[in-house]
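A.B. asks: What follows is start01.txt; its format and atoms are compact mmCIF, C-alpha atoms and all ligand atoms.
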# COMPACT_ATOMS: atom_id res chain seq x y z
CA MET A 1 109.30 -19.13 442.16
CA GLN A 2 108.99 -17.96 445.72
CA PHE A 3 110.26 -14.81 447.38
CA ARG A 4 112.01 -14.14 450.64
CA SER A 5 112.96 -11.12 452.69
CA THR A 6 116.51 -9.78 452.44
CA GLN A 7 116.50 -10.00 456.26
CA SER A 8 115.68 -13.68 456.57
CA ASN A 9 115.53 -16.97 454.71
CA ASP A 10 112.65 -18.44 456.70
CA SER A 11 109.30 -17.28 455.50
CA LEU A 12 108.77 -17.72 451.78
CA VAL A 13 105.89 -16.01 450.01
CA SER A 14 104.27 -16.33 446.60
CA PHE A 15 104.73 -13.75 443.84
CA LYS A 16 101.19 -12.53 444.47
CA ASP A 17 101.89 -11.92 448.16
CA ALA A 18 105.24 -10.26 447.45
CA VAL A 19 103.58 -7.94 444.92
CA LEU A 20 100.49 -7.11 446.95
CA ARG A 21 102.17 -6.72 450.34
CA CYS A 22 105.28 -5.11 448.94
CA LEU A 23 107.31 -5.01 452.18
CA PRO A 24 108.07 -8.04 454.36
CA SER A 25 107.64 -7.50 458.09
CA GLY A 26 111.00 -6.93 459.73
CA GLY A 27 112.39 -4.18 457.52
CA GLY A 28 113.81 -5.96 454.47
CA LEU A 29 112.86 -6.08 450.79
CA TYR A 30 111.59 -9.05 448.82
CA VAL A 31 114.02 -10.92 446.55
CA PRO A 32 113.68 -14.18 444.60
CA ALA A 33 114.34 -17.05 446.99
CA SER A 34 116.00 -19.29 444.41
CA ALA A 35 117.60 -19.28 441.00
CA ALA A 36 115.15 -20.53 438.38
CA ASP A 37 116.71 -22.11 435.31
CA MET A 38 114.77 -20.59 432.42
CA ARG A 39 117.07 -21.70 429.63
CA GLN A 40 114.57 -24.09 428.05
CA PHE A 41 112.28 -21.09 427.48
CA PHE A 42 114.64 -18.72 425.75
CA LEU A 43 117.91 -20.37 424.71
CA TYR A 44 116.58 -21.41 421.31
CA MET A 45 114.01 -18.69 420.92
CA ASP A 46 113.62 -17.29 417.42
CA ILE A 47 115.49 -14.06 416.84
CA ASN A 48 112.30 -12.41 415.57
CA THR A 49 110.33 -13.09 418.73
CA SER A 50 108.46 -9.95 419.73
CA TYR A 51 108.80 -8.56 423.23
CA PRO A 52 105.23 -9.45 424.30
CA GLU A 53 105.78 -12.98 422.96
CA LEU A 54 108.99 -13.33 424.94
CA VAL A 55 107.32 -12.10 428.12
CA ALA A 56 104.29 -14.36 427.56
CA THR A 57 106.65 -17.35 427.21
CA VAL A 58 109.08 -16.68 430.01
CA ALA A 59 106.77 -15.25 432.71
CA PRO A 60 104.65 -18.41 433.16
CA GLY A 61 107.84 -20.48 433.43
CA LEU A 62 109.15 -18.17 436.09
CA LEU A 63 105.87 -17.85 437.98
CA GLN A 64 104.66 -21.42 437.67
CA GLY A 65 101.44 -22.09 439.54
CA GLU A 66 100.62 -18.39 439.68
CA LEU A 67 100.53 -17.17 436.10
CA ASN A 68 99.38 -19.59 433.43
CA PRO A 69 100.28 -19.07 429.76
CA PHE A 70 96.88 -17.55 428.95
CA SER A 71 97.08 -15.04 431.77
CA ALA A 72 100.67 -14.25 430.85
CA SER A 73 99.67 -13.53 427.24
CA ARG A 74 96.96 -11.16 428.41
CA VAL A 75 99.41 -9.42 430.73
CA ALA A 76 102.11 -9.08 428.08
CA GLU A 77 99.68 -7.79 425.45
CA SER A 78 98.06 -5.26 427.74
CA ALA A 79 101.36 -4.06 429.21
CA PHE A 80 103.48 -3.61 426.12
CA ASP A 81 102.57 -1.58 423.10
CA PHE A 82 106.24 -0.58 423.04
CA GLU A 83 109.36 -2.73 422.71
CA PRO A 84 113.06 -2.59 423.44
CA GLU A 85 115.18 -2.14 420.35
CA LEU A 86 118.59 -3.72 419.83
CA GLN A 87 121.00 -2.11 417.41
CA GLN A 88 124.43 -3.51 416.60
CA LEU A 89 127.09 -0.80 416.36
CA ASP A 90 130.15 -2.90 415.47
CA ASP A 91 131.81 -6.24 416.31
CA ARG A 92 132.19 -5.34 419.96
CA LEU A 93 129.24 -3.09 420.75
CA SER A 94 125.48 -3.07 420.60
CA ILE A 95 122.97 -0.73 422.11
CA LEU A 96 119.71 -1.75 423.75
CA ASN A 97 117.26 1.13 423.55
CA LEU A 98 114.88 1.02 426.47
CA TYR A 99 113.29 4.43 425.99
CA ASN A 100 110.37 3.68 423.69
CA GLY A 101 107.74 3.65 426.44
CA PRO A 102 105.24 6.42 427.22
CA THR A 103 107.62 8.55 429.30
CA GLY A 104 110.86 7.81 427.47
CA VAL A 105 112.71 5.98 430.27
CA PHE A 106 113.34 2.29 430.89
CA LYS A 107 111.27 2.48 434.08
CA ASP A 108 108.18 2.25 431.85
CA PHE A 109 108.96 -1.46 431.28
CA GLY A 110 108.82 -2.57 434.92
CA ILE A 111 105.88 -0.32 435.77
CA ALA A 112 103.80 -1.45 432.77
CA PHE A 113 104.28 -5.12 433.62
CA LEU A 114 103.52 -4.55 437.30
CA ALA A 115 100.23 -2.79 436.50
CA ALA A 116 99.07 -5.48 434.08
CA VAL A 117 100.08 -8.41 436.27
CA MET A 118 98.50 -6.86 439.33
CA GLU A 119 95.16 -6.54 437.56
CA GLU A 120 95.46 -10.21 436.57
CA LEU A 121 96.40 -11.34 440.11
CA ILE A 122 93.39 -9.65 441.76
CA LYS A 123 90.84 -10.24 439.04
CA ASN A 124 88.67 -12.54 441.15
CA ASN A 125 87.17 -10.01 443.56
CA GLY A 126 90.42 -8.49 444.72
CA PHE A 127 91.26 -4.83 445.10
CA ALA A 128 94.44 -2.87 445.58
CA MET A 129 95.63 0.65 446.20
CA ILE A 130 98.99 1.49 444.66
CA LEU A 131 100.72 4.11 446.79
CA SER A 132 103.84 5.46 445.13
CA ALA A 133 106.31 8.30 445.61
CA ALA A 134 107.13 10.08 442.37
CA LYS A 135 109.42 12.73 441.01
CA GLY A 136 109.96 13.70 437.41
CA ASP A 137 107.99 11.65 434.92
CA THR A 138 107.75 8.46 436.99
CA GLY A 139 104.33 9.60 438.23
CA VAL A 140 103.10 9.85 434.64
CA SER A 141 104.45 6.37 433.90
CA ILE A 142 102.59 4.99 436.94
CA ALA A 143 99.37 6.90 436.18
CA GLN A 144 99.30 5.72 432.57
CA ALA A 145 100.09 2.10 433.44
CA PHE A 146 97.43 1.87 436.15
CA TYR A 147 94.73 3.98 434.51
CA LYS A 148 91.49 1.99 434.20
CA ARG A 149 92.99 -1.16 435.71
CA ARG A 150 90.06 -2.97 437.28
CA GLY A 151 89.93 -3.02 441.10
CA ILE A 152 92.92 -0.72 441.42
CA ILE A 153 93.27 2.84 442.70
CA SER A 154 96.62 4.56 442.22
CA VAL A 155 97.69 7.24 444.73
CA ILE A 156 100.77 9.17 443.67
CA LEU A 157 102.70 11.28 446.20
CA TYR A 158 104.65 14.25 444.92
CA PRO A 159 107.10 16.48 446.80
CA SER A 160 106.63 20.28 446.88
CA GLY A 161 106.97 21.96 443.50
CA PRO A 162 105.19 21.82 440.17
CA ILE A 163 103.53 18.59 439.02
CA SER A 164 103.22 17.92 435.31
CA GLY A 165 102.15 15.49 432.65
CA LEU A 166 99.15 13.80 434.29
CA ASP A 167 95.83 13.61 432.46
CA PRO A 168 93.07 15.16 434.63
CA ALA A 169 90.49 12.89 432.94
CA SER A 170 92.18 9.96 434.75
CA PHE A 171 91.65 11.51 438.23
CA ILE A 172 89.22 9.94 440.65
CA GLN A 173 87.03 13.05 440.91
CA ASN A 174 86.55 12.84 437.14
CA GLY A 175 85.58 9.19 437.16
CA GLY A 176 89.09 7.75 436.86
CA ASN A 177 91.23 5.87 439.39
CA ILE A 178 94.25 8.15 439.86
CA ILE A 179 94.79 10.36 442.95
CA PRO A 180 97.78 12.73 442.84
CA ILE A 181 98.59 14.13 446.28
CA GLN A 182 101.22 16.73 447.03
CA ILE A 183 103.20 16.35 450.23
CA ARG A 184 104.58 19.53 451.80
CA GLY A 185 108.07 18.10 451.90
CA THR A 186 110.76 16.33 449.93
CA PHE A 187 110.83 13.20 447.80
CA ASP A 188 112.33 11.39 450.80
CA ASP A 189 109.23 12.37 452.82
CA CYS A 190 107.06 10.84 450.08
CA GLN A 191 109.06 7.59 450.15
CA ARG A 192 108.93 7.48 453.94
CA LEU A 193 105.14 7.89 453.89
CA VAL A 194 104.77 5.01 451.42
CA THR A 195 106.75 2.74 453.76
CA GLU A 196 104.86 3.93 456.86
CA ALA A 197 101.46 3.40 455.22
CA ILE A 198 102.38 -0.14 454.13
CA ASN A 199 103.74 -0.97 457.57
CA ASP A 200 100.52 0.21 459.28
CA ARG A 201 99.06 -3.24 458.66
CA PRO A 202 95.39 -2.63 459.62
CA PHE A 203 95.29 0.45 457.39
CA ALA A 204 97.20 -1.26 454.57
CA GLU A 205 94.87 -4.25 454.67
CA ARG A 206 91.70 -2.17 454.66
CA TYR A 207 92.69 -0.58 451.34
CA GLY A 208 94.96 -3.29 449.97
CA ILE A 209 97.92 -0.94 449.91
CA THR A 210 101.07 -1.75 447.99
CA SER A 211 103.45 0.34 445.86
CA ALA A 212 104.68 0.76 442.31
CA ASN A 213 108.04 2.06 443.53
CA ALA A 214 111.17 -0.03 443.05
CA ILE A 215 110.67 -1.48 446.53
CA ASN A 216 108.07 -3.72 444.82
CA VAL A 217 109.83 -6.80 443.47
CA GLY A 218 107.02 -7.08 440.91
CA ARG A 219 108.47 -4.07 439.16
CA LEU A 220 112.08 -5.23 439.38
CA LEU A 221 111.67 -8.84 438.27
CA PRO A 222 110.20 -8.05 434.81
CA GLN A 223 113.21 -5.86 434.04
CA ALA A 224 115.11 -9.14 433.67
CA PHE A 225 113.02 -9.82 430.54
CA TYR A 226 114.76 -7.22 428.41
CA TYR A 227 118.15 -8.74 429.20
CA LEU A 228 116.78 -12.02 427.82
CA TYR A 229 115.47 -10.12 424.82
CA ALA A 230 118.92 -8.63 424.19
CA PHE A 231 120.46 -12.08 424.44
CA ILE A 232 118.22 -13.65 421.78
CA LYS A 233 119.09 -10.76 419.46
CA VAL A 234 122.89 -10.79 419.95
CA LYS A 235 123.52 -14.51 420.26
CA GLN A 236 123.93 -14.85 416.46
CA TYR A 237 127.14 -12.80 416.55
CA LEU A 238 128.31 -13.77 419.99
CA GLU A 239 131.73 -15.43 419.83
CA GLU A 240 132.88 -15.03 423.38
CA ASP A 241 131.84 -13.17 426.49
CA LEU A 242 128.61 -11.24 426.72
CA ILE A 243 128.84 -8.14 428.90
CA PHE A 244 126.17 -5.56 429.74
CA SER A 245 127.00 -1.93 430.49
CA VAL A 246 124.34 -0.52 432.81
CA PRO A 247 123.96 3.10 433.95
CA CYS A 248 123.44 2.77 437.72
CA GLY A 249 121.55 5.04 440.11
CA ASN A 250 119.50 3.01 442.55
CA PHE A 251 120.95 -0.20 441.03
CA GLY A 252 117.55 -1.72 440.19
CA ASN A 253 118.52 -2.20 436.57
CA LEU A 254 121.79 -3.90 437.49
CA ILE A 255 120.05 -6.19 439.97
CA ALA A 256 117.50 -7.17 437.31
CA GLY A 257 120.48 -8.10 435.12
CA LEU A 258 121.86 -10.29 437.89
CA TYR A 259 118.44 -11.98 438.10
CA ALA A 260 118.60 -12.59 434.34
CA TRP A 261 121.98 -14.24 434.92
CA LYS A 262 120.41 -16.40 437.63
CA PHE A 263 117.68 -17.38 435.17
CA GLY A 264 120.37 -18.74 432.91
CA ILE A 265 121.48 -16.21 430.31
CA PRO A 266 125.14 -16.89 429.56
CA VAL A 267 126.41 -13.46 430.59
CA SER A 268 130.00 -13.01 431.76
CA GLY A 269 129.73 -9.69 433.50
CA PHE A 270 128.10 -6.35 434.12
CA ILE A 271 129.71 -2.94 433.98
CA ALA A 272 128.18 -0.82 436.75
CA ALA A 273 128.45 2.56 435.03
CA MET A 274 128.23 5.41 437.53
CA ASN A 275 128.79 9.12 437.17
CA ALA A 276 130.81 11.09 439.74
CA ASN A 277 128.52 9.64 442.44
CA ASN A 278 130.50 6.45 442.66
CA ALA A 279 130.55 5.50 446.35
CA PHE A 280 129.08 2.16 445.42
CA GLY A 281 132.12 1.27 443.33
CA ASP A 282 134.22 0.63 446.43
CA TYR A 283 131.47 -1.49 447.90
CA ILE A 284 131.29 -3.62 444.77
CA LYS A 285 135.04 -4.17 445.01
CA GLY A 286 134.51 -5.57 448.48
CA LYS A 287 135.07 -2.60 450.79
CA ASP A 288 132.58 -1.39 453.39
CA TYR A 289 129.90 0.85 451.97
CA CYS A 290 130.42 4.45 452.89
CA PRO A 291 128.10 7.03 451.27
CA HIS A 292 129.65 10.24 449.85
CA PRO A 293 127.92 13.63 449.69
CA LEU A 294 125.79 13.99 446.56
CA ILE A 295 127.27 15.72 443.48
CA ALA A 296 124.88 17.23 440.89
CA THR A 297 125.78 15.99 437.39
CA ASN A 298 124.41 16.06 433.85
CA SER A 299 123.07 12.52 434.30
CA PRO A 300 120.72 13.34 437.21
CA ALA A 301 118.99 9.93 437.44
CA LEU A 302 122.35 8.54 438.54
CA ASP A 303 122.80 11.14 441.28
CA VAL A 304 122.10 8.81 444.18
CA SER A 305 124.20 8.59 447.32
CA GLN A 306 122.32 5.82 449.14
CA PRO A 307 120.82 3.42 446.62
CA SER A 308 117.41 2.12 447.72
CA ASN A 309 118.35 -1.32 446.42
CA TYR A 310 121.34 -1.57 448.73
CA LYS A 311 119.69 -4.39 450.70
CA ARG A 312 119.06 -6.41 447.56
CA LEU A 313 122.62 -6.01 446.33
CA ALA A 314 123.92 -6.88 449.79
CA ALA A 315 121.76 -10.03 449.77
CA PHE A 316 123.40 -11.01 446.49
CA TYR A 317 126.83 -10.51 448.01
CA GLN A 318 125.96 -12.64 450.97
CA GLU A 319 125.00 -15.49 448.68
CA ALA A 320 127.99 -15.34 446.35
CA PRO A 321 130.62 -12.74 447.23
CA ALA A 322 133.31 -14.07 444.89
CA VAL A 323 130.98 -14.30 441.92
CA MET A 324 129.86 -10.75 442.50
CA ARG A 325 133.37 -9.38 442.75
CA ASN A 326 134.35 -11.12 439.52
CA MET A 327 131.20 -10.28 437.62
CA VAL A 328 130.43 -6.66 438.37
CA TYR A 329 132.91 -4.06 437.15
CA PRO A 330 132.41 -0.58 438.55
CA GLU A 331 133.31 2.43 436.37
CA SER A 332 132.91 6.11 437.17
CA VAL A 333 132.44 8.63 434.34
CA ASP A 334 132.53 12.36 435.07
CA ASP A 335 130.48 15.03 433.26
CA ARG A 336 133.19 15.88 430.78
CA ALA A 337 133.86 12.28 429.81
CA THR A 338 130.09 11.79 429.48
CA LEU A 339 129.77 14.59 426.92
CA GLU A 340 132.86 13.41 425.03
CA ALA A 341 131.41 9.91 424.81
CA MET A 342 128.11 11.36 423.56
CA GLY A 343 130.06 13.15 420.83
CA ARG A 344 132.04 10.03 419.85
CA ALA A 345 128.90 7.87 419.68
CA TRP A 346 127.42 10.40 417.28
CA LYS A 347 130.57 10.73 415.14
CA GLN A 348 131.44 7.05 414.98
CA HIS A 349 128.02 5.43 414.86
CA ASN A 350 125.45 8.15 414.12
CA LEU A 351 124.09 7.24 417.50
CA ILE A 352 122.26 9.82 419.59
CA LEU A 353 122.56 9.08 423.30
CA ASP A 354 121.17 10.85 426.34
CA PRO A 355 123.70 11.51 429.14
CA HIS A 356 122.74 8.33 431.05
CA GLY A 357 123.30 6.18 427.99
CA ALA A 358 126.53 8.10 427.35
CA VAL A 359 127.83 7.20 430.82
CA ALA A 360 127.28 3.51 429.99
CA TYR A 361 128.83 4.01 426.54
CA ALA A 362 131.98 5.61 428.01
CA ALA A 363 132.25 2.83 430.59
CA ALA A 364 131.91 0.18 427.86
CA GLU A 365 134.66 1.82 425.78
CA ARG A 366 136.98 1.84 428.77
CA TYR A 367 136.22 -1.77 429.55
CA ILE A 368 137.08 -2.88 426.03
CA LYS A 369 140.18 -0.68 425.80
CA SER A 370 141.61 -2.04 429.03
CA ARG A 371 141.52 -5.63 427.70
CA ASP A 372 143.73 -6.42 424.73
CA ASP A 373 142.24 -9.84 424.35
CA PHE A 374 138.57 -8.91 424.41
CA TYR A 375 136.67 -10.63 421.62
CA GLY A 376 133.32 -10.57 423.36
CA HIS A 377 130.39 -8.23 422.94
CA VAL A 378 129.15 -5.41 425.15
CA VAL A 379 125.48 -4.44 425.15
CA ILE A 380 124.99 -0.88 426.36
CA LEU A 381 121.67 -0.05 428.00
CA ALA A 382 120.28 3.27 426.73
CA THR A 383 117.90 4.08 429.57
CA GLY A 384 116.65 7.55 428.63
CA HIS A 385 115.33 9.13 425.43
CA PRO A 386 117.74 11.80 424.14
CA VAL A 387 114.95 14.37 423.65
CA LYS A 388 114.39 14.42 427.38
CA GLN A 389 117.64 16.38 427.66
CA ALA A 390 117.29 17.85 424.18
CA GLU A 391 119.19 21.08 424.74
CA LEU A 392 122.30 19.43 426.11
CA VAL A 393 122.30 16.66 423.50
CA SER A 394 121.76 19.14 420.64
CA GLU A 395 124.67 21.23 421.82
CA VAL A 396 127.01 18.23 421.82
CA ILE A 397 126.04 16.72 418.48
CA GLY A 398 125.44 20.05 416.73
CA ARG A 399 121.98 19.23 415.52
CA LYS A 400 118.49 20.20 416.66
CA LEU A 401 116.27 17.44 418.02
CA GLU A 402 112.61 17.18 417.06
CA ILE A 403 110.50 16.79 420.23
CA PRO A 404 107.59 14.35 419.72
CA GLU A 405 104.12 15.40 420.91
CA LYS A 406 103.99 12.76 423.67
CA PHE A 407 107.03 14.32 425.36
CA ARG A 408 105.66 17.84 425.00
CA LYS A 409 102.60 16.75 426.97
CA LEU A 410 104.85 15.71 429.86
CA GLN A 411 105.52 19.43 430.46
CA LEU A 412 101.86 20.45 431.05
CA LYS A 413 101.35 21.58 434.66
CA ILE A 414 98.48 20.14 436.68
CA ASP A 415 96.96 20.63 440.17
CA PRO A 416 97.05 17.85 442.80
CA ALA A 417 93.85 16.45 444.37
CA ALA A 418 95.11 17.47 447.81
CA VAL A 419 98.07 19.16 449.45
CA ILE A 420 98.93 17.74 452.85
CA ALA A 421 101.51 17.79 455.64
CA PRO A 422 104.23 15.11 455.47
CA GLN A 423 102.57 12.96 458.13
CA LEU A 424 100.97 9.54 458.02
CA ASP A 425 97.71 10.65 459.67
CA ALA A 426 97.33 13.45 457.10
CA LEU A 427 97.85 10.94 454.29
CA GLN A 428 95.40 8.48 455.82
CA GLY A 429 92.80 11.24 456.15
CA ALA A 430 93.30 12.32 452.53
CA ILE A 431 92.93 8.74 451.28
CA ALA A 432 89.78 8.16 453.35
CA SER A 433 88.18 11.32 451.99
CA CYS A 434 88.98 10.47 448.35
CA VAL A 435 87.62 6.92 448.13
C1 LIG A 501 116.21 5.71 436.86
C2 LIG A 501 117.18 5.90 435.77
C3 LIG A 501 118.45 5.27 435.78
C4 LIG A 501 118.95 4.49 436.98
O1 LIG A 501 118.39 3.23 437.08
P1 LIG A 501 118.53 2.41 438.44
O2 LIG A 501 117.72 1.19 438.23
O3 LIG A 501 117.97 3.30 439.51
O4 LIG A 501 119.97 2.13 438.64
C5 LIG A 501 119.25 5.39 434.66
N1 LIG A 501 118.88 6.14 433.61
C6 LIG A 501 117.69 6.78 433.56
C7 LIG A 501 117.36 7.59 432.36
C8 LIG A 501 116.80 6.68 434.63
O5 LIG A 501 115.63 7.33 434.59
Translate the structure described by the file into structure tokens.
C.D. replies:
Amino acid sequence: MQFRSTQSNDSLVSFKDAVLRCLPSGGGLYVPASAADMRQFFLYMDINTSYPELVATVAPGLLQGELNPFSASRVAESAFDFEPELQQLDDRLSILNLYNGPTGVFKDFGIAFLAAVMEELIKNNGFAMILSAAKGDTGVSIAQAFYKRRGIISVILYPSGPISGLDPASFIQNGGNIIPIQIRGTFDDCQRLVTEAINDRPFAERYGITSANAINVGRLLPQAFYYLYAFIKVKQYLEEDLIFSVPCGNFGNLIAGLYAWKFGIPVSGFIAAMNANNAFGDYIKGKDYCPHPLIATNSPALDVSQPSNYKRLAAFYQEAPAVMRNMVYPESVDDRATLEAMGRAWKQHNLILDPHGAVAYAAAERYIKSRDDFYGHVVILATGHPVKQAELVSEVIGRKLEIPEKFRKLQLKIDPAAVIAPQLDALQGAIASCV
């Protein structure tokens, strides 16, 4: 499979180039250049196939000529000591838990694969520097995935404010390969600096700079694997349509689902479950995109007014506008409806959801209710571990949640390696002095 820029169809690049360069010249993002039919690899896959086995089987098919089956096995084994978990709730609903990774969010899946595959791609004398903007626990996910990866240094940019959860033993000054840097500015400043550093080609080439943010298609593509995984688990009780309900913030997860559809899973549609920040709903229905002011909600990872994957979604629309309009169903769930859905999931199914999963649950319920003749099955993506918003969840379900040790550690405050102004030259100086 080759990759192209969202801005042009002309210059195709390999997976390795897309992953290691991260941004095409000309301002776009990389997307798969074609639809690869992967059905022979997963359609008849055994229901008990483990997640690493699935990845080791499908990835070499997808990345033919770049990742052989042996390399793919190594990547899958070293990336995943955690798995998605599919649980059937009733005839119409299942839940796909994606929060079993080190930081309790689905983002662990894409990041873990990216780190392992990058080490494999550069293993013959290559080197890379992974420059990423982080807020919340994403930095911990990146640091853990890239720690000790051969030939790789991981620089993580944080906005002003406390930084927590990193292990100082992994820092470069202590013999590791992680460099946390605080930017005197906002998360947007951090993201801007990542883009500027990659686009300064001489500098980027000297250090082999790329990113573990969602701009890297090597993080997005492997998210398609858990849709395939869900399919092999539910196909035994699938009578009609298969629908996924996806909590949407930057729309990476939804786009990965659309890739899975392009790879051949027989899915009929996706519910784009948004909270009150639903400007994208109109766009999906075919209107011009017009961002609204941001509203703070109880599902904060969905509080996004300008999704960073806009260009990728727009590229999809360009290719197949009618398909998109008929396949993606926007829903908007406000805070109150989110908490009510969390309560119902607990009462009806003994299911504990975090608010992001509850948004997708509420959207799935509405979807089913609005169709008298729905005999299909909806798989709800539970993207966040409920203990990460333990207080709120406990209040709703009336039960105290035990917080596992690994999540407690995410709270420990740490000091950055450097604190710098939000400017490219300051970042370049800090990098030069660290390595
Ligand atoms: C990041 C995140 C989302 C949103 O995913 P996108 O791919 O940005 O749409 C949903 N839920 C949780 C818990 C998240 O951390």
A.B. asks: With only C-alpha atoms and all ligand atoms counted, collect every polymer residue having an atom within 8 Å of ligand LIG 501 (chain A); state the result as a PyMOL selection string.
C.D. replies: chain A and resi 105-107+246-255+299+301-302+307+354+356-357+382-385
A.B. asks: Would you output that residue set with C-alpha atoms, as a short mmCIF file (atom, residue, chain, number, x, y, z; two decimals), in the frame of the given file?
C.D. replies:
data_model
loop_
_atom_site.label_atom_id
_atom_site.label_comp_id
_atom_site.auth_asym_id
_atom_site.auth_seq_id
_atom_site.Cartn_x
_atom_site.Cartn_y
_atom_site.Cartn_z
CA VAL A 105 112.71 5.98 430.27
CA PHE A 106 113.34 2.29 430.89
CA LYS A 107 111.27 2.48 434.08
CA VAL A 246 124.34 -0.52 432.81
CA PRO A 247 123.96 3.10 433.95
CA CYS A 248 123.44 2.77 437.72
CA GLY A 249 121.55 5.04 440.11
CA ASN A 250 119.50 3.01 442.55
CA PHE A 251 120.95 -0.20 441.03
CA GLY A 252 117.55 -1.72 440.19
CA ASN A 253 118.52 -2.20 436.57
CA LEU A 254 121.79 -3.90 437.49
CA ILE A 255 120.05 -6.19 439.97
CA SER A 299 123.07 12.52 434.30
CA ALA A 301 118.99 9.93 437.44
CA LEU A 302 122.35 8.54 438.54
CA PRO A 307 120.82 3.42 446.62
CA ASP A 354 121.17 10.85 426.34
CA HIS A 356 122.74 8.33 431.05
CA GLY A 357 123.30 6.18 427.99
CA ALA A 382 120.28 3.27 426.73
CA THR A 383 117.90 4.08 429.57
CA GLY A 384 116.65 7.55 428.63
CA HIS A 385 115.33 9.13 425.43
#
A.B. asks: One decimal, Å: what's the distance from CA of Gln88 (chain A) over to CA of Met45 (chain A), could you say?
C.D. replies: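 CA of Gln88 (chain A) sits 18.9 Å away from CA of Met45 (chain A).
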A.B. asks: In terms of the shortest atom-to-atom distance over all atoms listed in the file, which of A:Asp90, A:Leu221, A:Ile111, A:Gly151 is closest to Leu62 (chain A)?
C.D. replies: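 Among the listed residues, A:Leu221 lies closest to Leu62 (chain A).
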A.B. asks: For CA of Val378 (chain A) and CA of Met324 (chain A), determine how far apart the two atoms are, in Å to one decimal place.
C.D. replies: 18.2 Å
A.B. asks: Counting all atoms listed in the file, which of A:Leu93, A:Val359, A:Ala59, A:Ala320 gets nearest to His377 (chain A)?
C.D. replies: A:Leu93
A.B. asks: Using the partial input, fill out region 288-299 of chain A with N, CA, C and O atoms; write the result as an mmCIF file, in the frame of the given file.
C.D. replies:
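Dumped to selection.cif:
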data_model
loop_
_atom_site.group_PDB
_atom_site.id
_atom_site.type_symbol
_atom_site.label_atom_id
_atom_site.label_comp_id
_atom_site.auth_asym_id
_atom_site.auth_seq_id
_atom_site.Cartn_x
_atom_site.Cartn_y
_atom_site.Cartn_z
ATOM 1 N N ASP A 288 133.823 -1.782 452.705
ATOM 2 C CA ASP A 288 132.580 -1.390 453.390
ATOM 3 C C ASP A 288 131.930 -0.240 452.639
ATOM 4 O O ASP A 288 132.621 0.601 452.060
ATOM 5 N N TYR A 289 130.600 -0.214 452.674
ATOM 6 C CA TYR A 289 129.900 0.850 451.970
ATOM 7 C C TYR A 289 129.891 2.114 452.808
ATOM 8 O O TYR A 289 129.512 2.117 453.964
ATOM 9 N N CYS A 290 130.319 3.196 452.176
ATOM 10 C CA CYS A 290 130.420 4.450 452.890
ATOM 11 C C CYS A 290 129.923 5.565 451.969
ATOM 12 O O CYS A 290 130.598 5.919 450.997
ATOM 13 N N PRO A 291 128.700 6.053 452.193
ATOM 14 C CA PRO A 291 128.100 7.030 451.270
ATOM 15 C C PRO A 291 128.908 8.333 451.198
ATOM 16 O O PRO A 291 129.473 8.769 452.204
ATOM 17 N N HIS A 292 128.999 8.932 450.017
ATOM 18 C CA HIS A 292 129.650 10.240 449.850
ATOM 19 C C HIS A 292 128.566 11.301 449.716
ATOM 20 O O HIS A 292 127.438 10.985 449.358
ATOM 21 N N PRO A 293 128.918 12.578 449.944
ATOM 22 C CA PRO A 293 127.920 13.630 449.690
ATOM 23 C C PRO A 293 127.547 13.656 448.198
ATOM 24 O O PRO A 293 128.376 13.339 447.330
ATOM 25 N N LEU A 294 126.310 14.041 447.919
ATOM 26 C CA LEU A 294 125.790 13.990 446.560
ATOM 27 C C LEU A 294 126.411 15.094 445.681
ATOM 28 O O LEU A 294 126.539 16.230 446.100
ATOM 29 N N ILE A 295 126.779 14.741 444.455
ATOM 30 C CA ILE A 295 127.270 15.720 443.480
ATOM 31 C C ILE A 295 126.233 15.828 442.370
ATOM 32 O O ILE A 295 125.779 14.799 441.855
ATOM 33 N N ALA A 296 125.847 17.064 441.990
ATOM 34 C CA ALA A 296 124.880 17.230 440.890
ATOM 35 C C ALA A 296 125.612 17.094 439.565
ATOM 36 O O ALA A 296 126.644 17.724 439.338
ATOM 37 N N THR A 297 125.114 16.246 438.664
ATOM 38 C CA THR A 297 125.780 15.990 437.390
ATOM 39 C C THR A 297 124.813 16.192 436.226
ATOM 40 O O THR A 297 123.647 16.472 436.441
ATOM 41 N N ASN A 298 125.303 15.971 435.005
ATOM 42 C CA ASN A 298 124.410 16.060 433.850
ATOM 43 C C ASN A 298 123.679 14.749 433.551
ATOM 44 O O ASN A 298 122.938 14.659 432.589
ATOM 45 N N SER A 299 123.878 13.754 434.401
ATOM 46 C CA SER A 299 123.070 12.520 434.300
ATOM 47 C C SER A 299 122.319 12.347 435.628
ATOM 48 O O SER A 299 122.652 11.472 436.431
#
